file start.txt (compact mmCIF, C-alpha atoms)
# COMPACT_ATOMS: atom_id res chain seq x y z
CA MET Y 28 0.48 5.20 -2.87
CA LEU Y 29 2.51 2.95 -5.21
CA PHE Y 30 4.24 1.36 -2.21
CA VAL Y 31 0.91 0.50 -0.54
CA VAL Y 32 -0.72 -0.83 -3.72
CA THR Y 33 2.33 -2.95 -4.54
CA THR Y 34 2.42 -4.29 -0.97
CA VAL Y 35 -1.20 -5.38 -1.35
CA ASN Y 36 -0.35 -6.85 -4.74
CA TYR Y 37 2.32 -9.08 -3.25
CA ALA Y 38 0.26 -9.98 -0.20
CA ASP Y 39 -2.44 -11.28 -2.56
CA ARG Y 40 0.14 -13.29 -4.49
CA SER Y 41 1.56 -15.04 -1.46
CA THR Y 42 -1.70 -16.25 0.09
CA LEU Y 43 -1.53 -19.72 -1.45
CA SER Y 44 2.11 -20.13 -0.48
CA ILE Y 45 1.18 -19.54 3.15
CA ALA Y 46 -2.16 -21.36 3.24
CA GLY Y 47 -1.22 -24.18 0.86
CA ASP Y 48 0.06 -26.71 3.40
CA SER Y 49 -3.04 -26.53 5.56
CA MET Y 50 -5.30 -26.40 2.52
CA GLN Y 51 -3.53 -29.42 1.08
CA LYS Y 52 -4.39 -31.46 4.16
CA ASP Y 53 -8.02 -30.32 4.39
CA LEU Y 54 -8.84 -30.76 0.70
CA HIS Y 55 -6.59 -33.77 0.04
CA ILE Y 56 -4.53 -31.96 -2.57
CA SER Y 57 -1.36 -33.71 -3.74
CA SER Y 58 1.97 -31.93 -3.98
CA SER Y 59 1.78 -31.97 -7.77
CA GLU Y 60 -1.72 -30.48 -7.67
CA LEU Y 61 -0.55 -27.77 -5.27
CA GLY Y 62 2.33 -27.02 -7.62
CA LEU Y 63 -0.15 -26.68 -10.48
CA LEU Y 64 -2.30 -24.34 -8.39
CA ILE Y 65 0.68 -22.18 -7.49
CA SER Y 66 1.74 -22.01 -11.14
CA ALA Y 67 -1.73 -20.90 -12.34
CA PHE Y 68 -1.00 -17.35 -11.20
CA SER Y 69 2.23 -17.16 -13.19
CA TRP Y 70 0.70 -18.57 -16.37
CA SER Y 71 -1.95 -15.89 -16.53
CA TYR Y 72 0.38 -13.14 -15.30
CA LEU Y 73 2.69 -13.94 -18.20
CA ILE Y 74 -0.13 -14.07 -20.75
CA ALA Y 75 -1.71 -10.81 -19.54
CA GLN Y 76 1.39 -8.60 -19.43
CA ILE Y 77 1.10 -7.29 -23.00
CA PRO Y 78 -2.69 -6.87 -23.01
CA GLY Y 79 -2.35 -5.22 -19.58
CA GLY Y 80 0.13 -2.72 -21.00
CA TRP Y 81 -2.22 -2.01 -23.87
CA LEU Y 82 -5.11 -1.40 -21.43
CA LEU Y 83 -2.92 1.00 -19.45
CA ASP Y 84 -2.06 2.96 -22.58
CA ARG Y 85 -5.64 2.95 -23.80
CA PHE Y 86 -7.53 3.77 -20.58
CA GLY Y 87 -4.91 5.23 -18.25
CA SER Y 88 -3.11 4.00 -15.17
CA LYS Y 89 -5.52 5.28 -12.53
CA LYS Y 90 -8.57 3.64 -14.08
CA VAL Y 91 -6.94 0.31 -14.98
CA CYS Y 92 -5.01 -0.01 -11.71
CA GLY Y 93 -8.15 0.80 -9.71
CA ILE Y 94 -10.19 -1.83 -11.50
CA VAL Y 95 -7.53 -4.54 -11.23
CA LEU Y 96 -7.00 -3.82 -7.52
CA PHE Y 97 -10.70 -4.39 -6.94
CA LEU Y 98 -10.80 -7.55 -9.11
CA ARG Y 99 -7.75 -9.22 -7.62
CA SER Y 100 -9.09 -8.53 -4.11
CA LEU Y 101 -12.47 -10.01 -5.01
CA PHE Y 102 -10.89 -13.11 -6.57
CA THR Y 103 -8.53 -13.50 -3.61
CA MET Y 104 -11.46 -13.42 -1.19
CA ALA Y 105 -13.33 -15.98 -3.30
CA GLN Y 106 -10.47 -18.46 -2.88
CA GLY Y 107 -11.43 -18.76 0.78
CA ALA Y 108 -14.70 -20.41 -0.29
CA VAL Y 109 -13.28 -23.22 -2.44
CA GLY Y 110 -13.57 -25.65 0.48
CA PHE Y 111 -17.35 -25.55 0.08
CA PHE Y 112 -16.96 -27.13 -3.36
CA ALA Y 113 -15.12 -30.28 -2.34
CA GLY Y 114 -15.45 -32.11 -5.66
CA ALA Y 115 -14.41 -29.12 -7.71
CA ALA Y 116 -12.09 -27.36 -5.26
CA ILE Y 117 -8.91 -27.91 -7.27
CA VAL Y 118 -10.43 -26.76 -10.56
CA LEU Y 119 -12.10 -23.77 -8.90
CA MET Y 120 -8.89 -22.79 -7.12
CA PHE Y 121 -6.94 -23.07 -10.37
CA VAL Y 122 -9.44 -20.77 -12.10
CA LEU Y 123 -9.37 -18.26 -9.24
CA ARG Y 124 -5.56 -18.24 -9.08
CA PHE Y 125 -5.51 -17.79 -12.85
CA VAL Y 126 -7.82 -14.77 -12.74
CA VAL Y 127 -5.87 -13.24 -9.83
CA GLY Y 128 -2.73 -13.44 -11.98
CA PHE Y 129 -4.59 -11.98 -14.93
CA ALA Y 130 -5.91 -9.13 -12.79
CA GLU Y 131 -2.49 -8.38 -11.29
CA ALA Y 132 -0.61 -8.31 -14.59
CA PRO Y 133 -1.05 -4.57 -15.27
CA SER Y 134 0.26 -3.63 -11.80
CA PHE Y 135 3.99 -3.34 -12.45
CA PRO Y 136 3.65 -1.82 -15.92
CA GLY Y 137 1.14 0.58 -14.36
CA ASN Y 138 3.60 1.51 -11.61
CA SER Y 139 6.29 2.17 -14.21
CA ARG Y 140 3.90 4.23 -16.29
CA ILE Y 141 2.86 6.28 -13.26
CA VAL Y 142 6.48 6.91 -12.26
CA ALA Y 143 7.34 8.03 -15.79
CA ALA Y 144 4.32 10.33 -16.04
CA TRP Y 145 4.02 11.75 -12.53
CA PHE Y 146 7.57 12.04 -11.22
CA PRO Y 147 10.27 14.44 -12.38
CA THR Y 148 13.25 12.78 -14.07
CA GLY Y 149 15.45 13.33 -11.02
CA GLU Y 150 13.03 11.46 -8.72
CA ARG Y 151 12.14 8.45 -10.86
CA GLY Y 152 14.89 6.18 -9.56
CA PHE Y 153 13.78 6.73 -5.96
CA ALA Y 154 10.09 6.28 -6.84
CA SER Y 155 10.85 3.04 -8.70
CA ALA Y 156 12.99 1.74 -5.85
CA LEU Y 157 10.19 2.54 -3.41
CA PHE Y 158 7.50 0.60 -5.25
CA ASN Y 159 9.90 -2.27 -6.00
CA SER Y 160 10.82 -2.57 -2.32
CA ALA Y 161 7.15 -3.12 -1.50
CA GLN Y 162 7.31 -6.68 -2.82
CA TYR Y 163 9.79 -7.58 -0.08
CA PHE Y 164 7.98 -5.53 2.54
CA ALA Y 165 4.83 -7.54 1.82
CA THR Y 166 6.61 -10.77 2.67
CA VAL Y 167 8.16 -9.33 5.82
CA ALA Y 168 4.88 -7.83 7.02
CA PHE Y 169 2.27 -10.30 5.84
CA ALA Y 170 3.83 -13.78 5.88
CA PRO Y 171 3.88 -13.93 9.70
CA LEU Y 172 0.35 -12.52 9.91
CA MET Y 173 -0.97 -14.97 7.34
CA GLY Y 174 0.78 -17.84 9.10
CA ARG Y 175 -0.91 -16.78 12.32
CA LEU Y 176 -4.28 -16.66 10.55
CA VAL Y 177 -3.84 -20.21 9.28
CA THR Y 178 -2.97 -21.42 12.78
CA ALA Y 179 -5.65 -19.48 14.63
CA MET Y 180 -8.57 -19.51 12.20
CA GLY Y 181 -7.88 -21.82 9.25
CA TRP Y 182 -6.50 -21.47 5.74
CA GLU Y 183 -9.74 -19.99 4.38
CA HIS Y 184 -9.25 -16.82 6.40
CA VAL Y 185 -5.92 -16.03 4.77
CA PHE Y 186 -7.78 -15.45 1.52
CA THR Y 187 -10.81 -13.68 2.96
CA VAL Y 188 -8.84 -11.40 5.29
CA VAL Y 189 -6.11 -10.45 2.79
CA GLY Y 190 -8.61 -10.06 -0.04
CA GLY Y 191 -10.96 -8.06 2.16
CA TRP Y 192 -8.18 -5.85 3.49
CA ALA Y 193 -6.93 -5.24 -0.02
CA SER Y 194 -10.35 -4.12 -1.23
CA SER Y 195 -10.86 -1.60 1.55

call {"tool": "encode", "arguments": {"input": "start.txt", "output": "structure tokens"}}
result
Amino acid sequence: MLFVVTTVNYADRSTLSIAGDSMQKDLHISSSELGLLISAFSWSYLIAQIPGGWLLDRFGSKKVCGIVLFLRSLFTMAQGAVGFFAGAAIVLMFVLRFVVGFAEAPSFPGNSRIVAAWFPTGERGFASALFNSAQYFATVAFAPLMGRLVTAMGWEHVFTVVGGWASS
């Protein structure tokens, strides 16, 4: 379960990296603006780590991780619609990337908390290695698929398909 959720987590994160070039052309986004959009995720992820840990301790891993999985999927899907808001696309995309990062922040602390609580001491190293390996599996599995989506259907579909898949 942790492997699958972490794979989805990293697939959501990488959508802009894959769709960015095509999106840049369609929405006339400069390289510096694209860099700002990519960084929005990390800003909020950094800010939300400690509050995310507090939420995990206060409300439990299953509840918090379930809610953030839903939210990050919803916000990822919404990024596919920014092209409809041509004048505000960059600002809207920044806000959506920011909230995706905020929603994903409890994921790794949640994984660690689950491993510590649910796995016997002698199995925690393996469980941690398994969920950590998911971040690389996501790139191996999803980068080619997302690249194909951009080519076949357009950049918007990277966000809607990955976000929709993640929410199901």

call {"tool": "residues_around", "arguments": {"input": "start.txt", "residues": "Y:Val35", "least_positions_apart": "6", "cutoff": "12 Å", "atoms": "all atoms listed in the file", "output": "PyMOL selection string"}}
result
chain Y and resi 28-29+41-42+95-97+99-100+103+131+134+158+161-166+168-169+188-195

call {"tool": "atom_distance", "arguments": {"input": "start.txt", "atom1": "atom CA of Y:Lys89", "atom2": "atom CA of Y:Ala67"}}
result
26.5 Å

call {"tool": "residues_near_point", "arguments": {"input": "start.txt", "point": "(1.2, -14.3, -5.3)", "cutoff": "10 Å", "atoms": "all atoms listed in the file", "output": "PyMOL selection string"}}
result
chain Y and resi 36-45+65-66+68-69+103+124+127-128+131

call {"tool": "residues_around", "arguments": {"input": "start.txt", "residues": "Y:Leu119", "least_positions_apart": "3", "cutoff": "10 Å", "atoms": "only C-alpha atoms", "output": "PyMOL selection string"}}
result
chain Y and resi 64+105-106+108-110+112-116+122-125

call {"tool": "residues_around", "arguments": {"input": "start.txt", "residues": "Y:Ala144", "least_positions_apart": "6", "cutoff": "10 Å", "atoms": "all atoms listed in the file", "output": "ChimeraX atom specification"}}
result
/Y:88,138,151

call {"tool": "closest_residue", "arguments": {"input": "start.txt", "among": "Y:His184, Y:Leu83, Y:Arg140, Y:Phe102", "to": "Y:Phe121", "atoms": "only C-alpha atoms"}}
result
Y:Phe102

call {"tool": "atom_distance", "arguments": {"input": "start.txt", "atom1": "atom CA of Y:Leu82", "atom2": "atom CA of Y:Gly152"}}
result
24.5 Å

call {"tool": "closest_residue", "arguments": {"input": "start.txt", "among": "Y:Leu101, Y:Gly137, Y:Asp53, Y:Met120", "to": "Y:Gly87", "atoms": "only C-alpha atoms"}}
result
Y:Gly137

call {"tool": "atom_distance", "arguments": {"input": "start.txt", "atom1": "atom CA of Y:Phe129", "atom2": "atom CA of Y:Trp81"}}
result
13.6 Å

call {"tool": "decode", "arguments": {"input": "start.txt", "residues": "stretch 108-139 of chain Y", "atoms": "N, CA, C and O atoms", "output": "PDB file, in the first residue's frame"}}
result
ATOM      1  N   ALA Y 108      -6.741  22.446 -16.381  1.00  0.00           N
ATOM      2  CA  ALA Y 108      -7.696  23.455 -16.844  1.00  0.00           C
ATOM      3  C   ALA Y 108      -7.125  24.862 -16.886  1.00  0.00           C
ATOM      4  O   ALA Y 108      -7.829  25.791 -17.287  1.00  0.00           O
ATOM      5  N   VAL Y 109      -5.867  25.060 -16.491  1.00  0.00           N
ATOM      6  CA  VAL Y 109      -5.348  26.433 -16.434  1.00  0.00           C
ATOM      7  C   VAL Y 109      -5.301  27.104 -17.803  1.00  0.00           C
ATOM      8  O   VAL Y 109      -5.350  28.327 -17.880  1.00  0.00           O
ATOM      9  N   GLY Y 110      -5.255  26.344 -18.864  1.00  0.00           N
ATOM     10  CA  GLY Y 110      -5.241  26.918 -20.207  1.00  0.00           C
ATOM     11  C   GLY Y 110      -6.505  27.695 -20.539  1.00  0.00           C
ATOM     12  O   GLY Y 110      -6.498  28.553 -21.420  1.00  0.00           O
ATOM     13  N   PHE Y 111      -7.592  27.412 -19.849  1.00  0.00           N
ATOM     14  CA  PHE Y 111      -8.846  28.134 -20.067  1.00  0.00           C
ATOM     15  C   PHE Y 111      -8.816  29.535 -19.468  1.00  0.00           C
ATOM     16  O   PHE Y 111      -9.716  30.332 -19.707  1.00  0.00           O
ATOM     17  N   PHE Y 112      -7.815  29.813 -18.660  1.00  0.00           N
ATOM     18  CA  PHE Y 112      -7.695  31.099 -17.979  1.00  0.00           C
ATOM     19  C   PHE Y 112      -6.429  31.802 -18.464  1.00  0.00           C
ATOM     20  O   PHE Y 112      -5.525  32.090 -17.680  1.00  0.00           O
ATOM     21  N   ALA Y 113      -6.371  32.063 -19.748  1.00  0.00           N
ATOM     22  CA  ALA Y 113      -5.161  32.553 -20.410  1.00  0.00           C
ATOM     23  C   ALA Y 113      -4.494  33.714 -19.671  1.00  0.00           C
ATOM     24  O   ALA Y 113      -3.291  33.698 -19.453  1.00  0.00           O
ATOM     25  N   GLY Y 114      -5.229  34.709 -19.269  1.00  0.00           N
ATOM     26  CA  GLY Y 114      -4.642  35.863 -18.607  1.00  0.00           C
ATOM     27  C   GLY Y 114      -4.101  35.563 -17.221  1.00  0.00           C
ATOM     28  O   GLY Y 114      -3.182  36.229 -16.754  1.00  0.00           O
ATOM     29  N   ALA Y 115      -4.662  34.568 -16.583  1.00  0.00           N
ATOM     30  CA  ALA Y 115      -4.275  34.259 -15.209  1.00  0.00           C
ATOM     31  C   ALA Y 115      -3.644  32.874 -15.083  1.00  0.00           C
ATOM     32  O   ALA Y 115      -3.488  32.372 -13.976  1.00  0.00           O
ATOM     33  N   ALA Y 116      -3.270  32.273 -16.188  1.00  0.00           N
ATOM     34  CA  ALA Y 116      -2.782  30.890 -16.181  1.00  0.00           C
ATOM     35  C   ALA Y 116      -1.557  30.701 -15.291  1.00  0.00           C
ATOM     36  O   ALA Y 116      -1.481  29.726 -14.536  1.00  0.00           O
ATOM     37  N   ILE Y 117      -0.620  31.630 -15.344  1.00  0.00           N
ATOM     38  CA  ILE Y 117       0.608  31.484 -14.569  1.00  0.00           C
ATOM     39  C   ILE Y 117       0.307  31.592 -13.072  1.00  0.00           C
ATOM     40  O   ILE Y 117       0.772  30.770 -12.279  1.00  0.00           O
ATOM     41  N   VAL Y 118      -0.487  32.563 -12.695  1.00  0.00           N
ATOM     42  CA  VAL Y 118      -0.837  32.737 -11.282  1.00  0.00           C
ATOM     43  C   VAL Y 118      -1.639  31.534 -10.792  1.00  0.00           C
ATOM     44  O   VAL Y 118      -1.363  30.987  -9.716  1.00  0.00           O
ATOM     45  N   LEU Y 119      -2.600  31.103 -11.578  1.00  0.00           N
ATOM     46  CA  LEU Y 119      -3.423  29.954 -11.199  1.00  0.00           C
ATOM     47  C   LEU Y 119      -2.573  28.689 -11.081  1.00  0.00           C
ATOM     48  O   LEU Y 119      -2.725  27.922 -10.124  1.00  0.00           O
ATOM     49  N   MET Y 120      -1.666  28.481 -12.024  1.00  0.00           N
ATOM     50  CA  MET Y 120      -0.802  27.304 -11.970  1.00  0.00           C
ATOM     51  C   MET Y 120       0.110  27.371 -10.749  1.00  0.00           C
ATOM     52  O   MET Y 120       0.331  26.351 -10.090  1.00  0.00           O
ATOM     53  N   PHE Y 121       0.626  28.546 -10.436  1.00  0.00           N
ATOM     54  CA  PHE Y 121       1.458  28.685  -9.244  1.00  0.00           C
ATOM     55  C   PHE Y 121       0.661  28.291  -7.996  1.00  0.00           C
ATOM     56  O   PHE Y 121       1.140  27.531  -7.157  1.00  0.00           O
ATOM     57  N   VAL Y 122      -0.549  28.799  -7.883  1.00  0.00           N
ATOM     58  CA  VAL Y 122      -1.389  28.482  -6.724  1.00  0.00           C
ATOM     59  C   VAL Y 122      -1.671  26.981  -6.660  1.00  0.00           C
ATOM     60  O   VAL Y 122      -1.563  26.368  -5.592  1.00  0.00           O
ATOM     61  N   LEU Y 123      -2.005  26.380  -7.782  1.00  0.00           N
ATOM     62  CA  LEU Y 123      -2.300  24.941  -7.789  1.00  0.00           C
ATOM     63  C   LEU Y 123      -1.066  24.109  -7.462  1.00  0.00           C
ATOM     64  O   LEU Y 123      -1.153  23.126  -6.719  1.00  0.00           O
ATOM     65  N   ARG Y 124       0.086  24.474  -8.001  1.00  0.00           N
ATOM     66  CA  ARG Y 124       1.324  23.753  -7.667  1.00  0.00           C
ATOM     67  C   ARG Y 124       1.642  23.922  -6.181  1.00  0.00           C
ATOM     68  O   ARG Y 124       2.107  22.995  -5.527  1.00  0.00           O
ATOM     69  N   PHE Y 125       1.383  25.102  -5.659  1.00  0.00           N
ATOM     70  CA  PHE Y 125       1.623  25.372  -4.242  1.00  0.00           C
ATOM     71  C   PHE Y 125       0.740  24.475  -3.372  1.00  0.00           C
ATOM     72  O   PHE Y 125       1.216  23.853  -2.427  1.00  0.00           O
ATOM     73  N   VAL Y 126      -0.545  24.383  -3.702  1.00  0.00           N
ATOM     74  CA  VAL Y 126      -1.431  23.560  -2.878  1.00  0.00           C
ATOM     75  C   VAL Y 126      -1.170  22.068  -3.059  1.00  0.00           C
ATOM     76  O   VAL Y 126      -1.387  21.297  -2.124  1.00  0.00           O
ATOM     77  N   VAL Y 127      -0.684  21.645  -4.225  1.00  0.00           N
ATOM     78  CA  VAL Y 127      -0.283  20.241  -4.386  1.00  0.00           C
ATOM     79  C   VAL Y 127       0.881  19.938  -3.444  1.00  0.00           C
ATOM     80  O   VAL Y 127       0.886  18.915  -2.749  1.00  0.00           O
ATOM     81  N   GLY Y 128       1.863  20.821  -3.388  1.00  0.00           N
ATOM     82  CA  GLY Y 128       2.989  20.630  -2.474  1.00  0.00           C
ATOM     83  C   GLY Y 128       2.544  20.617  -1.029  1.00  0.00           C
ATOM     84  O   GLY Y 128       2.992  19.796  -0.228  1.00  0.00           O
ATOM     85  N   PHE Y 129       1.633  21.503  -0.697  1.00  0.00           N
ATOM     86  CA  PHE Y 129       1.102  21.555   0.666  1.00  0.00           C
ATOM     87  C   PHE Y 129       0.379  20.256   1.016  1.00  0.00           C
ATOM     88  O   PHE Y 129       0.547  19.714   2.105  1.00  0.00           O
ATOM     89  N   ALA Y 130      -0.410  19.756   0.059  1.00  0.00           N
ATOM     90  CA  ALA Y 130      -1.163  18.522   0.295  1.00  0.00           C
ATOM     91  C   ALA Y 130      -0.255  17.294   0.373  1.00  0.00           C
ATOM     92  O   ALA Y 130      -0.565  16.341   1.080  1.00  0.00           O
ATOM     93  N   GLU Y 131       0.851  17.315  -0.346  1.00  0.00           N
ATOM     94  CA  GLU Y 131       1.746  16.154  -0.338  1.00  0.00           C
ATOM     95  C   GLU Y 131       2.703  16.121   0.844  1.00  0.00           C
ATOM     96  O   GLU Y 131       3.293  15.085   1.133  1.00  0.00           O
ATOM     97  N   ALA Y 132       2.864  17.217   1.533  1.00  0.00           N
ATOM     98  CA  ALA Y 132       3.861  17.303   2.604  1.00  0.00           C
ATOM     99  C   ALA Y 132       3.734  16.234   3.684  1.00  0.00           C
ATOM    100  O   ALA Y 132       4.751  15.724   4.151  1.00  0.00           O
ATOM    101  N   PRO Y 133       2.541  15.839   4.098  1.00  0.00           N
ATOM    102  CA  PRO Y 133       2.469  14.797   5.138  1.00  0.00           C
ATOM    103  C   PRO Y 133       2.780  13.379   4.641  1.00  0.00           C
ATOM    104  O   PRO Y 133       2.859  12.454   5.451  1.00  0.00           O
ATOM    105  N   SER Y 134       2.973  13.193   3.355  1.00  0.00           N
ATOM    106  CA  SER Y 134       3.114  11.839   2.809  1.00  0.00           C
ATOM    107  C   SER Y 134       4.305  11.069   3.374  1.00  0.00           C
ATOM    108  O   SER Y 134       4.143   9.952   3.871  1.00  0.00           O
ATOM    109  N   PHE Y 135       5.495  11.622   3.272  1.00  0.00           N
ATOM    110  CA  PHE Y 135       6.664  10.882   3.755  1.00  0.00           C
ATOM    111  C   PHE Y 135       6.697  10.752   5.268  1.00  0.00           C
ATOM    112  O   PHE Y 135       6.978   9.670   5.773  1.00  0.00           O
ATOM    113  N   PRO Y 136       6.375  11.811   6.028  1.00  0.00           N
ATOM    114  CA  PRO Y 136       6.269  11.597   7.467  1.00  0.00           C
ATOM    115  C   PRO Y 136       5.192  10.565   7.815  1.00  0.00           C
ATOM    116  O   PRO Y 136       5.343   9.775   8.744  1.00  0.00           O
ATOM    117  N   GLY Y 137       4.107  10.564   7.048  1.00  0.00           N
ATOM    118  CA  GLY Y 137       3.051   9.576   7.264  1.00  0.00           C
ATOM    119  C   GLY Y 137       3.537   8.163   6.994  1.00  0.00           C
ATOM    120  O   GLY Y 137       3.240   7.235   7.752  1.00  0.00           O
ATOM    121  N   ASN Y 138       4.292   7.993   5.906  1.00  0.00           N
ATOM    122  CA  ASN Y 138       4.868   6.678   5.607  1.00  0.00           C
ATOM    123  C   ASN Y 138       5.769   6.209   6.748  1.00  0.00           C
ATOM    124  O   ASN Y 138       5.697   5.052   7.165  1.00  0.00           O
ATOM    125  N   SER Y 139       6.609   7.098   7.227  1.00  0.00           N
ATOM    126  CA  SER Y 139       7.523   6.751   8.324  1.00  0.00           C
ATOM    127  C   SER Y 139       6.741   6.390   9.580  1.00  0.00           C
ATOM    128  O   SER Y 139       7.084   5.444  10.290  1.00  0.00           O
TER     129      SER Y 139
END
